[in-house]
Amino acid sequence: MSRQSTLPSRSRSAPPAPETEHRPPRGVMVLRLGRALALPIRRRSLVVGVLIAVVVLVCAAATLTLGNLGVPLSQLPSVLTGGGEATDRFVLSRLRGPRLIVAVGVGAALGIAGALFQSVTRNPLGSPDVIGLAAGAGSGAAVAALLLPGVLPVPVGALLGAGLAIGLVALSTGTGLRHPGRLIVAGIGVAAMAQAFTHFVVAVLARDEATSLATYLNGSLTARDWEHAAVIWGALALSLPVLVYLAGPIRLGEMGDEISETLGVPAKSTRTAAILMSVVLSAAAVSVAGPIAFVALTAPQIARRLSGAGGPSLVLSAAVGALLLVCADLVVQQVPVGEGLPVGIVTMGLGGIYLGHLLIREWRKGSL
Amino acid sequence: MATQTTEPASPARSTRPGGVRVALMFGLGTAALAAAVLLSLVMGARVTPPGEVIGALTGAGDEFTATVVESRYPRTVLGIMAGAALALAGTLMQGITRNPLADPGLLGVNAGAAAAVVTVTAVVGPTSVTGTVWAALPGAVLAGAAAYIVGTRGGEGGMVRLILAGAVISAVLNAYVQAVALSMPDSFDSYRYWVVGSLAGRGFDVFWAALPVILAGLLIALCVMGGLNGLALGRDAAVSLGVSTVWVQGGGLVAATLLAAGATAAVGPIAFVGLAVPHIVRAMVGVDFRLQVPFALVVGPTLLLVADVVGRTLLRPTELMVGVVTAFVGAPVLLYAIRRMRSTA
């Protein structure tokens, strides 16, 4: 695995500082908030993070300005502050604005969910969508929305579905969530069942809407409103304190259960908490956008390669996830070939190729 | 890797059941198949009592009943053919790859067939049924071969590699298929029906178009099934027993792909029949492929027809596609198979 190979080389390139001084290694700054909080920040991660944020902003501006209904770039600042023409304000506040905000939120949530999962299962392929969690959340959402409208909020339904799916996967591997290959094969089975169940639910009620069903099952950002944005950003805001608290233990957990236990971090409860957060975030993402494939798988991987760090970075994964989804959505909105497709199809195609590349690399190393 | 292979190579389970028991079970299986066929003719939006069905079969009943029952002939015949083909394809694949998780659907064969059908429809326009079958074939073969090559790179692959390779290929092909189908909705009405896997609304022309392909696959399968027993012991052992591994593996793969492609072209991608049936059959008769093949030919159609009947009756008067039912029945078999891997790994 990549982190095992990068860790030693990193410690060689940065010789440990003398014990007494507590100086951070080269390339690392420490962000201090009083005595309670000290967050080490690697300089390269910071640069990469700022760069990604800039690219996201550019893509966001493109999302708002391109196309027939786009707000002209020169008008954008005044429209954003509440001025400008009525049409442009409508486009921003009803059409493109919420869609963009939802895309950023869903991408970030998926990126974090993937990073958490991959880190604590020590499994570069263990992302919520590969192991059937997203499909489970999808069928939970379908049940809540179609079978029990009004009884159960859709996000809660998605959460229950996701929990059920991951429970089934953990149960059927017989080895919990550790063995990479087995996890994924069990995930394929659970995902197939969840999809069959969703088909069933939809067939019971909305059998004539074949196309909209296909759109929903693939994950789409079309016609999102501020309510969707509120759900995904609410979930992100609620999970933020937990994530800040978990970040340290997770980083220690990367070194193995024994070491982190020795350092006073209970490995098992960290893992449980991280997986729970991962389930919550992907359920929230699925409930607003449907099961969007492979963003949760690829975002942490790309983030790790960009930052060159050994461990996972939740912040960078979130940023990359947001970037991926905003870009993919830009493609389906503006590229003629992809026009009108659910965004999940773009991420599925590209992410699938990336997954193939990843698999072959893992096989070469013999870790699968 | 040999230790990781479960049933095919496990010596403890290779004790052959007695001839009487096998004959008895085969009789039971055939009876179950007959019952499933009858159910398939009886059940539907309107339940036709068995007496009337038999009357209609012999030409004695009234015209209305005769028409209703007649509309159920093609799907019953298609169910028998597709069920047998998928089950046999699964048995062959699991035998050749010595991997109890192998299933043509999981190896991307279905997705390949779908991608080829979509491409042809997009380029040439809607095709005839025969055209669909011939378009599906190369797609299925290519996707299956790709999964096999990627999954077995660097020596005899592990249990899960093949499945992972198939999953990746399926994901990419599915994205392509969905993209094309959703962006040209008008020319894909029939495709959308095909892609969920259904026995309904297909005539005898589908049957006749797919039959030659499936018969060819069956013929090759019958030729190689003896050699599969040797192969189950491992490649070296098979060679020392005088089995031509190239012929058995190559022929078996060709046969499995032909069978899966023919079935998929006819009734759409139906997953998990090919996975589940070999497991059921091995539980019944053990690991001898000369017994597994005929039993698979009986159990497969039974399973598919029963799934079809369940789909027909669950949501009366509308129908649930048979592919959805088989996924719900078959996926637990996959989970069970993974759990078993642990005990033998």
# chains A, B, ... in the order shown; residues from 1 in each chain; ligands from 1

$ interface_residues --of "chain B" --to "chain A" --cutoff "8 Å" --atoms "only C-alpha atoms" --output "JSON, numbers by chain"
{"B": [150, 154, 160, 161, 163, 164, 165, 167, 168, 169, 171, 172, 173, 174, 175, 176, 178, 179, 182, 183, 192, 315, 320, 324, 325, 327, 328, 331, 332, 334, 335, 336, 338, 339, 342]}

$ write_last_selection --atoms "N, CA and C atoms" --output "compact mmCIF listing (two decimals), in the first residue's frame"
# COMPACT_ATOMS: atom_id res chain seq x y z
N VAL B 150 -7.56 -9.31 -18.09
CA VAL B 150 -7.17 -8.41 -17.01
C VAL B 150 -7.12 -9.15 -15.68
N GLY B 154 -0.61 -11.97 -14.74
CA GLY B 154 0.37 -12.35 -13.73
C GLY B 154 0.01 -13.65 -13.05
N VAL B 160 -10.85 -13.28 -6.30
CA VAL B 160 -11.68 -12.10 -6.49
C VAL B 160 -11.24 -11.25 -7.67
N ARG B 161 -10.05 -11.48 -8.17
CA ARG B 161 -9.56 -10.60 -9.23
C ARG B 161 -10.47 -10.58 -10.44
N ILE B 163 -13.57 -11.21 -10.64
CA ILE B 163 -14.83 -10.50 -10.37
C ILE B 163 -14.59 -8.99 -10.41
N LEU B 164 -13.47 -8.57 -9.81
CA LEU B 164 -13.19 -7.14 -9.80
C LEU B 164 -13.00 -6.62 -11.21
N ALA B 165 -12.24 -7.37 -12.00
CA ALA B 165 -12.04 -6.94 -13.38
C ALA B 165 -13.37 -6.85 -14.10
N ALA B 167 -16.26 -6.36 -12.76
CA ALA B 167 -17.05 -5.24 -12.21
C ALA B 167 -16.61 -3.93 -12.83
N VAL B 168 -15.29 -3.78 -12.99
CA VAL B 168 -14.79 -2.54 -13.59
C VAL B 168 -15.27 -2.41 -15.03
N ILE B 169 -15.09 -3.50 -15.78
CA ILE B 169 -15.49 -3.45 -17.19
C ILE B 169 -16.98 -3.20 -17.30
N ALA B 171 -18.85 -1.59 -15.17
CA ALA B 171 -19.16 -0.21 -14.78
C ALA B 171 -18.92 0.74 -15.94
N VAL B 172 -17.77 0.58 -16.58
CA VAL B 172 -17.45 1.50 -17.68
C VAL B 172 -18.44 1.30 -18.83
N LEU B 173 -18.68 0.03 -19.19
CA LEU B 173 -19.59 -0.24 -20.30
C LEU B 173 -21.00 0.25 -19.97
N ASN B 174 -21.42 0.07 -18.71
CA ASN B 174 -22.76 0.51 -18.33
C ASN B 174 -22.88 2.02 -18.47
N ALA B 175 -21.83 2.74 -18.06
CA ALA B 175 -21.87 4.19 -18.20
C ALA B 175 -22.06 4.55 -19.67
N TYR B 176 -21.33 3.87 -20.54
CA TYR B 176 -21.44 4.13 -21.97
C TYR B 176 -22.85 3.83 -22.46
N GLN B 178 -25.67 3.64 -20.79
CA GLN B 178 -26.66 4.59 -20.25
C GLN B 178 -26.56 5.92 -20.97
N ALA B 179 -25.32 6.36 -21.20
CA ALA B 179 -25.13 7.65 -21.84
C ALA B 179 -25.78 7.64 -23.22
N LEU B 182 -29.73 7.16 -22.94
CA LEU B 182 -30.48 8.29 -22.40
C LEU B 182 -30.44 9.51 -23.33
N SER B 183 -29.38 9.60 -24.14
CA SER B 183 -29.31 10.78 -25.00
C SER B 183 -30.06 10.56 -26.30
N ARG B 192 -34.70 -0.26 -23.66
CA ARG B 192 -34.95 -0.12 -22.22
C ARG B 192 -35.68 -1.33 -21.67
N LEU B 315 -46.90 -8.38 -8.46
CA LEU B 315 -47.46 -7.05 -8.65
C LEU B 315 -48.66 -7.07 -9.58
N LEU B 320 -43.17 -7.58 -12.61
CA LEU B 320 -41.82 -7.20 -12.20
C LEU B 320 -40.87 -7.97 -13.12
N VAL B 324 -34.92 -8.57 -12.03
CA VAL B 324 -34.98 -8.02 -10.67
C VAL B 324 -35.17 -9.15 -9.65
N VAL B 325 -36.05 -10.09 -10.00
CA VAL B 325 -36.30 -11.20 -9.07
C VAL B 325 -35.04 -12.05 -8.91
N ALA B 327 -31.96 -11.19 -9.26
CA ALA B 327 -30.95 -10.48 -8.47
C ALA B 327 -31.25 -10.62 -6.99
N PHE B 328 -32.51 -10.56 -6.67
CA PHE B 328 -32.87 -10.63 -5.27
C PHE B 328 -32.66 -12.03 -4.71
N ALA B 331 -28.27 -12.78 -5.36
CA ALA B 331 -27.23 -12.05 -4.63
C ALA B 331 -26.91 -12.69 -3.27
N PRO B 332 -27.93 -13.16 -2.53
CA PRO B 332 -27.57 -13.86 -1.28
C PRO B 332 -26.67 -15.06 -1.50
N LEU B 334 -24.30 -15.18 -3.67
CA LEU B 334 -22.96 -14.61 -3.76
C LEU B 334 -22.41 -14.34 -2.36
N LEU B 335 -23.24 -13.74 -1.51
CA LEU B 335 -22.78 -13.44 -0.14
C LEU B 335 -22.42 -14.73 0.60
N TYR B 336 -23.24 -15.75 0.39
CA TYR B 336 -22.97 -17.03 1.04
C TYR B 336 -21.64 -17.61 0.54
N ILE B 338 -19.07 -16.00 -0.55
CA ILE B 338 -17.94 -15.28 0.04
C ILE B 338 -17.69 -15.76 1.46
N ARG B 339 -18.75 -15.96 2.20
CA ARG B 339 -18.59 -16.43 3.57
C ARG B 339 -17.90 -17.78 3.61
N ARG B 342 -14.04 -17.95 3.39
CA ARG B 342 -13.25 -17.76 4.60
C ARG B 342 -12.89 -19.09 5.24

$ atom_distance --atom1 "CA of Gln301 (chain A)" --atom2 "CA of Leu162 (chain B)"
22.8 Å

$ atom_distance --atom1 "CA of Arg290 (chain B)" --atom2 "CA of Thr326 (chain B)"
26.0 Å

$ atom_distance --atom1 "CA of Arg202 (chain B)" --atom2 "CA of Val254 (chain B)"
26.4 Å

$ select_by_dssp --residues "region 98-313 of chain A" --states "helix (DSSP H, G or I)" --output "ChimeraX atom specification"
/A:98-120,133-147,154-173,180-205,210-218,226-253,257-262,267-289,295-307

$ residues_around --residues "region 241-250 of chain A" --least-positions-apart "4" --cutoff "8 Å" --atoms "only C-alpha atoms" --output "PDB file with C-alpha atoms, in the first residue's frame"
ATOM      1  CA  SER A 119      -8.275   5.226   5.897  1.00  0.00           C
ATOM      2  CA  VAL A 120      -9.865   3.165   8.634  1.00  0.00           C
ATOM      3  CA  ALA A 237     -21.967  21.259   9.283  1.00  0.00           C
ATOM      4  CA  GLU A 254      -2.872   4.828   9.873  1.00  0.00           C
ATOM      5  CA  SER A 260      -2.266   3.862  17.988  1.00  0.00           C
ATOM      6  CA  VAL A 265      -6.066   6.105  20.948  1.00  0.00           C
ATOM      7  CA  ALA A 267      -8.396   1.997  17.488  1.00  0.00           C
ATOM      8  CA  THR A 270     -12.115   5.390  16.151  1.00  0.00           C
ATOM      9  CA  ARG A 271     -12.864   3.023  13.308  1.00  0.00           C
ATOM     10  CA  ALA A 274     -15.247   7.071  11.264  1.00  0.00           C
ATOM     11  CA  LEU A 314     -10.027  15.049   4.893  1.00  0.00           C
TER      12      LEU A 314
END

$ residues_around --residues "Ala266 (chain B)" --least-positions-apart "4" --cutoff "7 Å" --atoms "only C-alpha atoms" --output "short mmCIF file (atom, residue, chain, number, x, y, z; two decimals) with N, CA and C atoms, in the first residue's frame"
data_model
loop_
_atom_site.label_atom_id
_atom_site.label_comp_id
_atom_site.auth_asym_id
_atom_site.auth_seq_id
_atom_site.Cartn_x
_atom_site.Cartn_y
_atom_site.Cartn_z
N VAL B 133 -29.25 -10.27 -31.80
CA VAL B 133 -28.48 -11.43 -31.35
C VAL B 133 -27.07 -11.37 -31.91
N VAL B 206 -37.49 -14.43 -31.47
CA VAL B 206 -36.32 -14.28 -30.59
C VAL B 206 -35.71 -15.65 -30.31
N PHE B 207 -36.59 -16.58 -30.02
CA PHE B 207 -36.14 -17.94 -29.70
C PHE B 207 -35.35 -18.53 -30.86
N ALA B 210 -31.86 -16.94 -31.37
CA ALA B 210 -30.81 -17.23 -30.39
C ALA B 210 -30.46 -18.72 -30.34
N GLY B 262 -25.92 -15.76 -26.11
CA GLY B 262 -27.20 -16.12 -26.72
C GLY B 262 -28.36 -15.82 -25.78
#

$ select_by_dssp --residues "region 21-267 of chain A" --states "strand (DSSP E or B)" --output "ChimeraX atom specification"
/A:28-33,37-42

$ write_last_selection --atoms "N, CA and C atoms" --output "PDB file, in the first residue's frame"
ATOM      1  N   VAL A  28       6.430  21.658   7.331  1.00  0.00           N
ATOM      2  CA  VAL A  28       5.188  21.568   8.097  1.00  0.00           C
ATOM      3  C   VAL A  28       5.044  22.811   8.972  1.00  0.00           C
ATOM      4  N   MET A  29       3.876  23.409   8.905  1.00  0.00           N
ATOM      5  CA  MET A  29       3.594  24.521   9.805  1.00  0.00           C
ATOM      6  C   MET A  29       2.601  24.028  10.843  1.00  0.00           C
ATOM      7  N   VAL A  30       2.535  24.722  11.951  1.00  0.00           N
ATOM      8  CA  VAL A  30       1.569  24.325  12.965  1.00  0.00           C
ATOM      9  C   VAL A  30       0.612  25.470  13.216  1.00  0.00           C
ATOM     10  N   LEU A  31      -0.666  25.143  13.057  1.00  0.00           N
ATOM     11  CA  LEU A  31      -1.697  26.132  13.322  1.00  0.00           C
ATOM     12  C   LEU A  31      -2.155  25.948  14.760  1.00  0.00           C
ATOM     13  N   ARG A  32      -1.940  26.980  15.592  1.00  0.00           N
ATOM     14  CA  ARG A  32      -2.291  26.837  17.004  1.00  0.00           C
ATOM     15  C   ARG A  32      -3.480  27.719  17.355  1.00  0.00           C
ATOM     16  N   LEU A  33      -4.393  27.134  18.123  1.00  0.00           N
ATOM     17  CA  LEU A  33      -5.509  27.911  18.670  1.00  0.00           C
ATOM     18  C   LEU A  33      -5.427  27.764  20.179  1.00  0.00           C
ATOM     19  N   LEU A  37      -5.571  23.348  20.819  1.00  0.00           N
ATOM     20  CA  LEU A  37      -5.568  22.796  19.479  1.00  0.00           C
ATOM     21  C   LEU A  37      -4.287  23.161  18.748  1.00  0.00           C
ATOM     22  N   ALA A  38      -3.628  22.177  18.212  1.00  0.00           N
ATOM     23  CA  ALA A  38      -2.478  22.443  17.368  1.00  0.00           C
ATOM     24  C   ALA A  38      -2.577  21.554  16.146  1.00  0.00           C
ATOM     25  N   LEU A  39      -2.832  22.166  15.001  1.00  0.00           N
ATOM     26  CA  LEU A  39      -2.996  21.369  13.790  1.00  0.00           C
ATOM     27  C   LEU A  39      -1.749  21.505  12.923  1.00  0.00           C
ATOM     28  N   PRO A  40      -1.052  20.408  12.690  1.00  0.00           N
ATOM     29  CA  PRO A  40       0.077  20.484  11.786  1.00  0.00           C
ATOM     30  C   PRO A  40      -0.417  20.624  10.340  1.00  0.00           C
ATOM     31  N   ILE A  41       0.122  21.551   9.625  1.00  0.00           N
ATOM     32  CA  ILE A  41      -0.282  21.734   8.233  1.00  0.00           C
ATOM     33  C   ILE A  41       0.956  21.671   7.356  1.00  0.00           C
ATOM     34  N   ARG A  42       0.965  20.713   6.417  1.00  0.00           N
ATOM     35  CA  ARG A  42       2.103  20.625   5.513  1.00  0.00           C
ATOM     36  C   ARG A  42       1.988  21.724   4.461  1.00  0.00           C
TER      37      ARG A  42
END

$ residues_around --residues "Thr245 (chain B)" --least-positions-apart "5" --cutoff "12 Å" --atoms "only C-alpha atoms" --output "PyMOL selection string"
chain B and resi 96-97+224-240+250-253

$ write_last_selection --atoms "N, CA and C atoms" --output "JSON list (two decimals), in the first residue's frame"
[["chain", "number", "residue", "atom", "x", "y", "z"],
["B", 96, "ILE", "N", -13.92, -23.79, -15.12],
["B", 96, "ILE", "CA", -12.69, -23.43, -15.82],
["B", 96, "ILE", "C", -11.83, -22.51, -14.98],
["B", 97, "THR", "N", -12.45, -21.50, -14.39],
["B", 97, "THR", "CA", -11.67, -20.55, -13.61],
["B", 97, "THR", "C", -11.40, -21.06, -12.21],
["B", 224, "VAL", "N", -16.46, -30.85, -23.67],
["B", 224, "VAL", "CA", -15.37, -30.56, -22.73],
["B", 224, "VAL", "C", -15.69, -30.96, -21.30],
["B", 225, "MET", "N", -16.91, -31.39, -21.01],
["B", 225, "MET", "CA", -17.27, -31.49, -19.59],
["B", 225, "MET", "C", -16.49, -32.59, -18.87],
["B", 226, "GLY", "N", -16.07, -33.64, -19.59],
["B", 226, "GLY", "CA", -15.26, -34.65, -18.94],
["B", 226, "GLY", "C", -13.91, -34.10, -18.52],
["B", 227, "GLY", "N", -13.32, -33.28, -19.41],
["B", 227, "GLY", "CA", -12.01, -32.70, -19.11],
["B", 227, "GLY", "C", -12.03, -31.76, -17.93],
["B", 228, "LEU", "N", -13.18, -31.18, -17.66],
["B", 228, "LEU", "CA", -13.27, -30.24, -16.54],
["B", 228, "LEU", "C", -12.98, -30.92, -15.22],
["B", 229, "ASN", "N", -13.33, -32.19, -15.12],
["B", 229, "ASN", "CA", -13.05, -32.91, -13.88],
["B", 229, "ASN", "C", -11.56, -32.95, -13.60],
["B", 230, "GLY", "N", -10.77, -33.22, -14.66],
["B", 230, "GLY", "CA", -9.33, -33.23, -14.49],
["B", 230, "GLY", "C", -8.80, -31.86, -14.12],
["B", 231, "LEU", "N", -9.37, -30.86, -14.79],
["B", 231, "LEU", "CA", -8.92, -29.49, -14.57],
["B", 231, "LEU", "C", -9.18, -29.04, -13.13],
["B", 232, "ALA", "N", -10.24, -29.59, -12.54],
["B", 232, "ALA", "CA", -10.59, -29.19, -11.18],
["B", 232, "ALA", "C", -9.46, -29.53, -10.20],
["B", 233, "LEU", "N", -8.61, -30.48, -10.58],
["B", 233, "LEU", "CA", -7.51, -30.88, -9.69],
["B", 233, "LEU", "C", -6.32, -29.94, -9.82],
["B", 234, "GLY", "N", -6.41, -29.00, -10.71],
["B", 234, "GLY", "CA", -5.27, -28.13, -10.95],
["B", 234, "GLY", "C", -4.70, -28.39, -12.32],
["B", 235, "ARG", "N", -4.03, -27.40, -12.88],
["B", 235, "ARG", "CA", -3.58, -27.53, -14.26],
["B", 235, "ARG", "C", -2.54, -28.63, -14.40],
["B", 236, "ASP", "N", -1.61, -28.70, -13.46],
["B", 236, "ASP", "CA", -0.55, -29.72, -13.58],
["B", 236, "ASP", "C", -1.12, -31.11, -13.50],
["B", 237, "ALA", "N", -2.00, -31.30, -12.53],
["B", 237, "ALA", "CA", -2.62, -32.62, -12.39],
["B", 237, "ALA", "C", -3.41, -32.97, -13.64],
["B", 238, "ALA", "N", -4.07, -31.98, -14.20],
["B", 238, "ALA", "CA", -4.86, -32.24, -15.40],
["B", 238, "ALA", "C", -3.97, -32.68, -16.54],
["B", 239, "VAL", "N", -2.83, -32.01, -16.69],
["B", 239, "VAL", "CA", -1.92, -32.38, -17.78],
["B", 239, "VAL", "C", -1.42, -33.79, -17.57],
["B", 240, "SER", "N", -1.08, -34.14, -16.34],
["B", 240, "SER", "CA", -0.55, -35.47, -16.09],
["B", 240, "SER", "C", -1.63, -36.54, -16.23],
["B", 250, "GLY", "N", -10.05, -23.40, -23.32],
["B", 250, "GLY", "CA", -10.46, -22.55, -24.44],
["B", 250, "GLY", "C", -11.86, -22.89, -24.90],
["B", 251, "GLY", "N", -12.09, -24.20, -25.12],
["B", 251, "GLY", "CA", -13.42, -24.62, -25.57],
["B", 251, "GLY", "C", -14.49, -24.27, -24.56],
["B", 252, "GLY", "N", -14.17, -24.48, -23.31],
["B", 252, "GLY", "CA", -15.15, -24.18, -22.26],
["B", 252, "GLY", "C", -15.49, -22.70, -22.22],
["B", 253, "LEU", "N", -14.46, -21.87, -22.35],
["B", 253, "LEU", "CA", -14.72, -20.42, -22.32],
["B", 253, "LEU", "C", -15.55, -20.00, -23.52]]

$ residues_around --residues "Thr313 (chain B)" --least-positions-apart "3" --cutoff "12 Å" --atoms "only C-alpha atoms" --output "JSON, numbers by chain"
{"B": [39, 40, 42, 43, 44, 45, 46, 47, 306, 307, 308, 309, 310, 316, 317, 318, 319, 320, 321, 322, 325]}

$ residues_around --residues "Ser74 (chain A)" --least-positions-apart "4" --cutoff "10 Å" --atoms "only C-alpha atoms" --output "PDB file with N, CA and C atoms, in the first residue's frame"
ATOM      1  N   THR A  65     -21.902  31.086 -15.639  1.00  0.00           N
ATOM      2  CA  THR A  65     -21.901  32.045 -16.745  1.00  0.00           C
ATOM      3  C   THR A  65     -22.114  31.406 -18.112  1.00  0.00           C
ATOM      4  N   SER A  78     -22.556  41.901  -9.556  1.00  0.00           N
ATOM      5  CA  SER A  78     -23.734  42.682  -9.147  1.00  0.00           C
ATOM      6  C   SER A  78     -24.922  41.754  -8.913  1.00  0.00           C
ATOM      7  N   VAL A  79     -25.049  40.677  -9.732  1.00  0.00           N
ATOM      8  CA  VAL A  79     -26.159  39.746  -9.518  1.00  0.00           C
ATOM      9  C   VAL A  79     -25.974  39.010  -8.194  1.00  0.00           C
TER      10      VAL A  79
END

$ closest_residue --among "B:Gly203, B:Pro269, B:Pro294, B:Gly90" --to "Ala255 (chain B)" --atoms "only C-alpha atoms"
B:Gly90
